[in-house]
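A.B. asks: Pasting in a structure now, in structure tokens, and then I'll have a few things to ask.
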Protein chains: 8
Amino acid sequence: MNPQEVRRLLEQVRTGRLKTDQALARLRHLPFEDLGFAKIDHHRALRLGYPEVVFGQGKRPAQVSGIVRRMLGVRGSRTNILVTRADARVYAAVRRVAPRARFHPLSGSIAIRRNRAITGKGLILIVSAGTSDIPVAEEALVTAELMGNRVEAVYDVGVAGLHRLMEHRAKLAAARVAICVAGMEGALPSVVAGLVGVPVIAVPTSTGYGASLGGVAALLGMLNSCAANVAVVNIDNGFGAGCFASVINHL
Amino acid sequence: MNPQEVRRLLEQVRTGRLKTDQALARLRHLPFEDLGFAKIDHHRALRLGYPEVVFGQGKRPAQVSGIVRRMLGVRGSRTNILVTRADARVYAAVRRVAPRARFHPLSGSIAIRRNRAITGKGLILIVSAGTSDIPVAEEALVTAELMGNRVEAVYDVGVAGLHRLMEHRAKLAAARVAICVAGMEGALPSVVAGLVGVPVIAVPTSTGYGASLGGVAALLGMLNSCAANVAVVNIDNGFGAGCFASVINHL
Amino acid sequence: MNPQEVRRLLEQVRTGRLKTDQALARLRHLPFEDLGFAKIDHHRALRLGYPEVVFGQGKRPAQVSGIVRRMLGVRGSRTNILVTRADARVYAAVRRVAPRARFHPLSGSIAIRRNRAITGKGLILIVSAGTSDIPVAEEALVTAELMGNRVEAVYDVGVAGLHRLMEHRAKLAAARVAICVAGMEGALPSVVAGLVGVPVIAVPTSTGYGASLGGVAALLGMLNSCAANVAVVNIDNGFGAGCFASVINHL
Amino acid sequence: MNPQEVRRLLEQVRTGRLKTDQALARLRHLPFEDLGFAKIDHHRALRLGYPEVVFGQGKRPAQVSGIVRRMLGVRGSRTNILVTRADARVYAAVRRVAPRARFHPLSGSIAIRRNRAITGKGLILIVSAGTSDIPVAEEALVTAELMGNRVEAVYDVGVAGLHRLMEHRAKLAAARVAICVAGMEGALPSVVAGLVGVPVIAVPTSTGYGASLGGVAALLGMLNSCAANVAVVNIDNGFGAGCFASVINHL
Amino acid sequence: MNPQEVRRLLEQVRTGRLKTDQALARLRHLPFEDLGFAKIDHHRALRLGYPEVVFGQGKRPAQVSGIVRRMLGVRGSRTNILVTRADARVYAAVRRVAPRARFHPLSGSIAIRRNRAITGKGLILIVSAGTSDIPVAEEALVTAELMGNRVEAVYDVGVAGLHRLMEHRAKLAAARVAICVAGMEGALPSVVAGLVGVPVIAVPTSTGYGASLGGVAALLGMLNSCAANVAVVNIDNGFGAGCFASVINHL
Amino acid sequence: MNPQEVRRLLEQVRTGRLKTDQALARLRHLPFEDLGFAKIDHHRALRLGYPEVVFGQGKRPAQVSGIVRRMLGVRGSRTNILVTRADARVYAAVRRVAPRARFHPLSGSIAIRRNRAITGKGLILIVSAGTSDIPVAEEALVTAELMGNRVEAVYDVGVAGLHRLMEHRAKLAAARVAICVAGMEGALPSVVAGLVGVPVIAVPTSTGYGASLGGVAALLGMLNSCAANVAVVNIDNGFGAGCFASVINHL
Amino acid sequence: MNPQEVRRLLEQVRTGRLKTDQALARLRHLPFEDLGFAKIDHHRALRLGYPEVVFGQGKRPAQVSGIVRRMLGVRGSRTNILVTRADARVYAAVRRVAPRARFHPLSGSIAIRRNRAITGKGLILIVSAGTSDIPVAEEALVTAELMGNRVEAVYDVGVAGLHRLMEHRAKLAAARVAICVAGMEGALPSVVAGLVGVPVIAVPTSTGYGASLGGVAALLGMLNSCAANVAVVNIDNGFGAGCFASVINHL
Amino acid sequence: MNPQEVRRLLEQVRTGRLKTDQALARLRHLPFEDLGFAKIDHHRALRLGYPEVVFGQGKRPAQVSGIVRRMLGVRGSRTNILVTRADARVYAAVRRVAPRARFHPLSGSIAIRRNRAITGKGLILIVSAGTSDIPVAEEALVTAELMGNRVEAVYDVGVAGLHRLMEHRAKLAAARVAICVAGMEGALPSVVAGLVGVPVIAVPTSTGYGASLGGVAALLGMLNSCAANVAVVNIDNGFGAGCFASVINHL
């Protein structure tokens, strides 16, 4: 039952075709989302520029391209589309239905950009520690861009070579939100957070071996950050970091 | 806004004092629980005989007795009252406001029985492995009794002495629901579940030392039970097991 | 020594062919199961409608079809047969010996339905959170159906979009037992348990990555549920949840 | 060596009193912070309204009051002062040097408010699940208030009783940043994040027992949130959540 | 129903007072232990010399002395009695009912020796690594002695000072069973097992700090021993090691 | 320097060709094993009948067969040879150099029996819980047999179906040492240890999924056994259990 | 901006072409490394003889050979080059651009030796426990050699056969730094550290199964070493151990 | 049997009083340490200046002072004496027997300095992150000083405020060995190791709460350090770090 139906019901009450008690009974079982929640949700999606997202992992090429085709078919929609964790075969299938789709091979992200408006207020800066953290950083970058943000990335600035980080002091100073992507000891967010005055979103990665425990070491390090402007998302969750940064950047 | 208010709103629509659009707008912001959820919730509490529960841990005697006094003051209520994880000083305070309150010192449970009707359909049997598991078993027992069930308990029947368990075969056969309380290796539920055809609720306890890891060993053992009529609640959660058993026993 | 033999022994005592002491000595070494345990077990299987189960994981197609052929050959048996964790090649082999076998590809379950009687008393409702939880939900569904229950399923109702769950309020209200299947944060059972008055069986899944720790995060979340009508089975154990729900539903 | 000294050095070069090589040598060993970093840091503190913080845990009353007295003695400073994890005896000592100090006994926070300007742009809403989560929620609240934010709190709205959360829909809709404090299964942030379009900062608490593993269960649940506008801080870290929310709210 | 009752039943069958079918029915419900299991159990206790054991932890002095008094009162019994994890106050209470009780203060063991026969076939040698491992070693020693074994102990022979271990080569060569007690890295059993040809029972202790994780490091080390004549018991389980060694030594 | 060389050195002292001090200096640097340790070691190997063992995992067929050929070439040796964790290809290579080699495909063990003497004093009984535990049980069986023991095995006797275990009471009673192999909840050793009076060696297996944590659940269960005649070896360590049992059985 | 540029800036100040204030402003934003840090870094690289390192894992043959070709092209450089975790295909590609490259197949290391000077002051001795620890030991060996050290290795000297270790007492006595590589219980470093007076670097390996937890058992064992001249690096980190030993050996 | 006895034995051989065979037999059972191992050990202690150490934890004041009195009584010894983890009462007792004993209250270390020679070759620099890490840093400092090293300490230089660390660049450059003490995220060693060319010994501390897991987070962070000149000791092991640094500094 949608708002139109509620209006109709009220009309029936007004014109006496429906008794008060009957209307009351029907309203009681009104499905939840008709009362505006879905709307709020929808509203938010529009305002924040959430892309349509297809989690590609475990889906076959034809499945993904089918979903994308359906998304593209929604009349009037200009929402961006993001496919995560895809490979070259999935991309080949998607490109057949979306020739403008662009593939980011390191992260396996496919981006279909239909709306290039920059709606975020400032710069989102992505800083990553090692070469093997770049796929996660790239996923964050693509996600934040598709959500209407200006994004820049600084790669390969680990804490054991501070001078490399310091070269980018100007960019750090310019960022409105920072995302720090690091595996192994996960110390980068603390260092960066000490250099900037903005929110730092820490993304641990599963980079490493042995005592890195699949990213748990980096995760724990980040949760224990001695800097107070750091918050953490799940291991390898570039997508989540990109979203969270964008939500902040649209405030 | 409660149902009376919704009815009044509908009356205003019927009599023309409120426009359809105005009514629609107000309905949209209708608080959720007015639509019957709280009611369902209430209903269920009545039907299942949930006691009023005060989690005693960390509360001072005066706080607990204050809460109990307020519960007793609700006119017409005959709901039973359970205070968990209390000590003798809390009990002394509660007895001043509820002279009939009864203390179960092993589990630290205080029971105020105002409704002795047996509403559960069968017998709930509680089986525990070692002496140190009895406090948790007793908490389950008191909880299930206050929820209107017939409950019996068999203590000290560990798996390394099967003959002690076998002596109680008749009781096992009579139970409609079984609760198995065990620490250390947590093997009792599997053995019991192989002897009965009813649901077995497994409660791991923090009994043990070293590799018992505060009950985690028993918890893992129970989750890996090779019997298919076993489900598990949190470590030391006698209250939860008693509730779950009672909910089943009232079906 | 089976009951017939015990009877014969008693006859020999009665007729004096066997001395009391000799009989006593032989009874002492009576194998356990002759005393009715296996029988009770058998009885229970019949009453609860347990299907014959072949755990398919790690077995070759020919092995599985061989076991199934033997099961089908038991004269007079109408027990249903369930093969879990099978793939298309196993199914092909099974269909050769059981042409009516039906394959559920998401969960890899093969069902051979020889007895369609509904013996469970109410509806078992299966609720799952994400697309990747569906295989486990389906295993629970097929298991519960083969055990003689009416089962319905509601998929893709995660806690971050409550309105989708609320659309199914009517089904929730109709269930006698609920099974909640969820990975990641495993919050669904708590929310569902707050909306219904029946037992909720929580099944954590290994869905997720990073800090999901192969389903341990969801498992811990469910064990810590703040709702008292929740109990938990092992990660990905759709089969166990289906059995446990059926055992309750046959009470 | 501060900027004034660098300027003096440059003057000496200009006037020929210092050779280029000598100047170069001295610049090479220039302490880092002289180059403006400390300044940026200082700047940020002023702009964001960071309070002066004394971590009270493990400090004796006289130590804490001594530190506070020194802070109060800095001429011209109007920065707020926060003492965390203090008890009544520490508060007694602090009140002697700061008569206007206010004690928040649940969280053990002492607040000395010297600057009541509201510099944050919107409302920070703190939502907590159970009674035992309130200390952590209060620490977040006091922290965010001392940093110049308008803060409101909604307590005791667990996910197993959604209607209680729904009663506060208006406040949820009004928040610019939300902080969710929850122990046990830690499901609250996911549910709240599905209802609002703003950043949700999740704070796991060590509330619970057994499989809550001292808050690790809640922490894992929050890291695995299926909502993309959630980020997480350390267990019981109300202070960090308050800071992070304030940093966002000052963007 | 004990053997006497079974005999009586058989007599009734013989004399015709009981029908075969009636006897069969009653035999079917025969409690398990009547069939000899308890007896076997009893037998074994006698043969192996298991002492009567009171686990003292968490019991009040009066409780322990009460249990001991009852044990001493069993007519004709000469079984030894062991109270574990007791303190001086418990010992004072026990001595009042058992003047010959002897206290081992390091391990908190109380031994009441009523049977000094050596029934074990060889020497049990206990080897421990550090001073803080001695309490656990002593518990093993007292236990094995009370079970009728000749026991010797070699303390403070850690693997980082091999020469101290080598001084005791003669004793190592003389042992029929060895018990190795060690915390921290738990390497002692591997080294000892390489020097002897007999079973080595490894007991990890909770000695240590930090990464010893309460004895888990030592436990894991021992389970991974590269020597094939090592088996492991729970952390700090001196009692279990003493029993296991005695069982072997009585073969 | 071997004993012959020491003898020669002493001769040189006796005949005056070497000064006492020179001899002393050379003796000081005497390699350790020359002093009899290697001998003791060798002695033990002979007495206990340790087979020559090739750990096959990760070795190529040609490597394994090469090692075996060298072992077979030692003149006069009649020691048995065991290759663990081999596959059919390794077996094919080994059979070419050792035509009598026998392959046990479940455990991947290859046995070359050159000495069939039974030197162990009693029966080693291997009891395993589920079908998937058989490979580990078989490795223990082959190992113990090659070490000169009489071994029997009882498979598929889980604790949820006690009657199946009870059928084998006679064998249990006959064993001098028992090995219990079980995955999942690992409860079997406790139950068996309660039925026998001999040492029970518990072998956890990695059988299971989810909360079995690769065998850790079973391992913890066994370490926490409430029976005192149980000791534990590493997960899946059938070889170690077979050795340990044999060492006991040769006492 | 490098030192030359700073010098130029100072010259401009001296000659009046640049105002003091302008110079001050530009100096403030001076990139960090220009101030000598990179130099220190560079210096150290030269002095310690750090090789150029390519982490081969996850890189394709062409990528690795491309990087190596670029390294070789740096005019005048005689730094050694190390490729870690490569396979035969990577080696084939590298050999095409560096014909003198040498492959160490066990560890997958490729060494290109352009500078054979021994700059380390003493002997680095590498001791490893089992055959499967050799790859990690070899990685340490190759790394330390390429850094200009004299290195020797002693393999297969586990703690359960001390005599094998004792045979190498002379080498132990000759070492200036020792590296101990061991999986399973990780006891070797404690034993070695007790025999030598030099720093012992412990490298746990992921050798083992079950309770070795991928090397965590060995890691914990080493961290808990009772010897005070032991420090630990990450699991399987032969490269790190080689570097750390070389840094010490160059002091 | 000590070297004197060996000499006497050789004399007896030389003079014919002992036969070669007899001498051989007696030499075979020569206790290990007589052959020089203890001597080597002793030698090393002298050369490295190891202090005599009393681990104070769990010892009563009288016990500690008794041990110290005995140490002081060894004629001619000038070895330093260190008591770790003592409190003021222990110190009072020790001062009575050693009036010059000095107490370091933060770490609970008692130092009795009898030998003030500086035998280490360079400066050991101790760097710690937070106020609560100082006790562990102080234990390292006192230990290294008593072992004859020049030691300096820099406290409170966390990675979130790099400028504080940079102020001490001169000291960092002067150190021959560095010890980094840090809790929480444990990032300090990586940063310091990137600034210096010497060995960095990382000491994780149990500082922190929640996800610091008693220091495990810091430990894992340090083990995963991206710098190759870092090795790690146990959590809170200031003593071990001081020893290890001293051993390096004496090379």
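Chain labels follow the order of the structure tokens: the first chain is A, the next B, and so on; residue numbering restarts at 1 in every chain, and ligands are counted from 1 in their shown order.
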When you get a sec, could you note down which chain A residues fall within 8 Å of chain D, using only C-alpha atoms, as a compact mmCIF listing (two decimals) with C-alpha atoms, in the first residue's frame?
C.D. replies:
# COMPACT_ATOMS: atom_id res chain seq x y z
CA PHE A 37 10.86 5.03 5.36
CA ILE A 40 13.67 8.68 3.27
CA ASP A 41 15.93 5.91 2.06
CA ARG A 44 19.11 9.81 0.87
CA LEU A 48 24.32 11.31 -1.40
CA ARG A 176 38.52 17.40 3.63
CA GLY A 194 48.68 13.42 13.43
CA LEU A 195 49.38 15.57 10.38
CA VAL A 196 45.84 16.58 9.42
CA GLY A 197 42.82 17.97 11.21
CA VAL A 198 40.16 16.06 9.27
CA PRO A 199 38.48 12.66 9.67
CA ILE A 201 39.10 6.52 7.68
CA LEU A 223 41.54 0.30 16.28
CA ASN A 224 44.21 1.10 18.86
CA ALA A 228 41.43 10.57 18.05
CA ASN A 229 40.37 11.41 14.49
CA VAL A 230 40.58 7.85 13.21
CA ALA A 231 37.75 5.36 12.64
CA VAL A 232 38.04 1.95 11.03
CA VAL A 233 36.21 -0.22 8.48
CA ASN A 234 36.53 -3.94 7.72
CA GLY A 240 32.91 0.89 2.53
CA ALA A 241 35.66 3.45 3.09
CA CYS A 243 31.09 5.34 0.87
CA PHE A 244 31.80 6.54 4.39
CA VAL A 247 28.79 10.52 3.22
CA ILE A 248 31.03 12.81 5.31
CA LEU A 251 27.54 16.92 4.89
A.B. asks: Quick one: residues within 9 Å of Gly238 (chain B), only C-alpha atoms counted, chain neighbours fewer than 6 positions away excluded, as a ChimeraX atom specification?
C.D. replies: /B:135-141,143,181,203
A.B. asks: Please report the interatomic distance between CA of Ile110 (chain F) and CA of Ala86 (chain F) in Å with one decimal.
C.D. replies: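 Separation between CA of Ile110 (chain F) and CA of Ala86 (chain F): 7.2 Å.
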A.B. asks: What's the 10 Å shell around region 66-76 of chain E, counting only C-alpha atoms, without same-chain residues fewer than 2 positions away, as a compact mmCIF listing (two decimals) with C-alpha atoms, in the first residue's frame?
C.D. replies:
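Saved to result-v1.txt:
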# COMPACT_ATOMS: atom_id res chain seq x y z
CA GLU E 52 39.50 -40.25 46.65
CA VAL E 53 39.76 -36.70 45.36
CA VAL E 54 38.20 -33.50 46.66
CA ARG E 60 34.85 -23.45 52.17
CA PRO E 61 37.00 -25.08 54.90
CA ALA E 62 33.98 -26.62 56.63
CA GLN E 63 32.71 -28.11 53.38
CA VAL E 64 36.03 -29.77 52.62
CA ARG E 78 42.08 -47.74 53.10
CA THR E 79 41.98 -45.58 49.99
CA ASN E 80 44.22 -42.51 50.10
CA ILE E 81 42.57 -39.10 50.08
CA LEU E 82 43.71 -36.05 48.11
CA VAL E 83 42.42 -32.50 48.46
CA ALA E 93 39.93 -27.59 59.13
CA VAL E 94 40.95 -30.88 57.56
CA ARG E 95 43.59 -31.58 60.19
CA ARG E 96 40.94 -31.42 62.84
CA VAL E 97 39.20 -34.47 61.30
CA ALA E 98 42.36 -36.09 59.91
CA ILE E 112 45.90 -38.30 53.70
CA ARG E 114 46.24 -44.59 54.53
A.B. asks: What gap, in Å, lies between CA of His163 (chain A) and CA of Gly56 (chain G)?
C.D. replies: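 Distance between the two atoms: 25.1 Å.
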A.B. asks: For the alpha helix (DSSP H) assignment from backbone DSSP, which residues of region 94-222 of chain A qualify? Please present them as an MDAnalysis selection string.
C.D. replies: chainID A and resid 94:97 134:146 162:166 169:174 188:195 216:222
A.B. asks: Would you save the residues of that selection, restricted to C-alpha atoms, as a CSV table (one decimal), in the first residue's frame?
C.D. replies:
chain,number,residue,atom,x,y,z
A,94,VAL,CA,29.5,-5.9,-19.2
A,95,ARG,CA,31.0,-3.9,-22.0
A,96,ARG,CA,28.7,-5.6,-24.4
A,97,VAL,CA,25.7,-4.0,-22.6
A,134,ILE,CA,46.7,-0.4,-4.1
A,135,PRO,CA,43.8,-2.7,-5.2
A,136,VAL,CA,41.9,-1.8,-2.0
A,137,ALA,CA,42.9,1.9,-2.4
A,138,GLU,CA,41.6,1.9,-5.9
A,139,GLU,CA,38.3,0.4,-4.9
A,140,ALA,CA,37.9,3.2,-2.5
A,141,LEU,CA,38.9,5.7,-5.1
A,142,VAL,CA,36.5,4.4,-7.8
A,143,THR,CA,33.6,4.2,-5.2
A,144,ALA,CA,34.1,7.7,-4.0
A,145,GLU,CA,34.4,9.1,-7.5
A,146,LEU,CA,31.1,7.4,-8.6
A,162,LEU,CA,58.4,9.2,6.4
A,163,HIS,CA,60.1,11.5,3.9
A,164,ARG,CA,57.9,10.0,1.1
A,165,LEU,CA,54.8,10.9,3.1
A,166,MET,CA,56.1,14.4,3.8
A,169,ARG,CA,52.1,17.5,2.8
A,170,ALA,CA,50.3,19.9,0.5
A,171,LYS,CA,47.8,17.3,-0.5
A,172,LEU,CA,47.3,16.2,3.1
A,173,ALA,CA,46.6,19.8,4.0
A,174,ALA,CA,44.1,20.2,1.2
A,188,LEU,CA,49.8,4.8,8.6
A,189,PRO,CA,46.5,6.2,9.8
A,190,SER,CA,48.0,7.2,13.1
A,191,VAL,CA,50.8,9.1,11.4
A,192,VAL,CA,48.5,10.7,8.9
A,193,ALA,CA,46.0,11.6,11.5
A,194,GLY,CA,48.7,13.4,13.4
A,195,LEU,CA,49.4,15.6,10.4
A,216,VAL,CA,43.8,-8.8,11.7
A,217,ALA,CA,47.2,-7.3,12.8
A,218,ALA,CA,46.6,-4.1,10.8
A,219,LEU,CA,42.9,-4.0,11.9
A,220,LEU,CA,43.9,-4.2,15.6
A,221,GLY,CA,46.6,-1.6,15.1
A,222,MET,CA,44.2,0.8,13.6
A.B. asks: If I take CA of Ala178 (chain C) and CA of Leu123 (chain B), how far is one from the other in Å, to one decimal?
C.D. replies: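 Here the two named atoms are 22.5 Å from each other.
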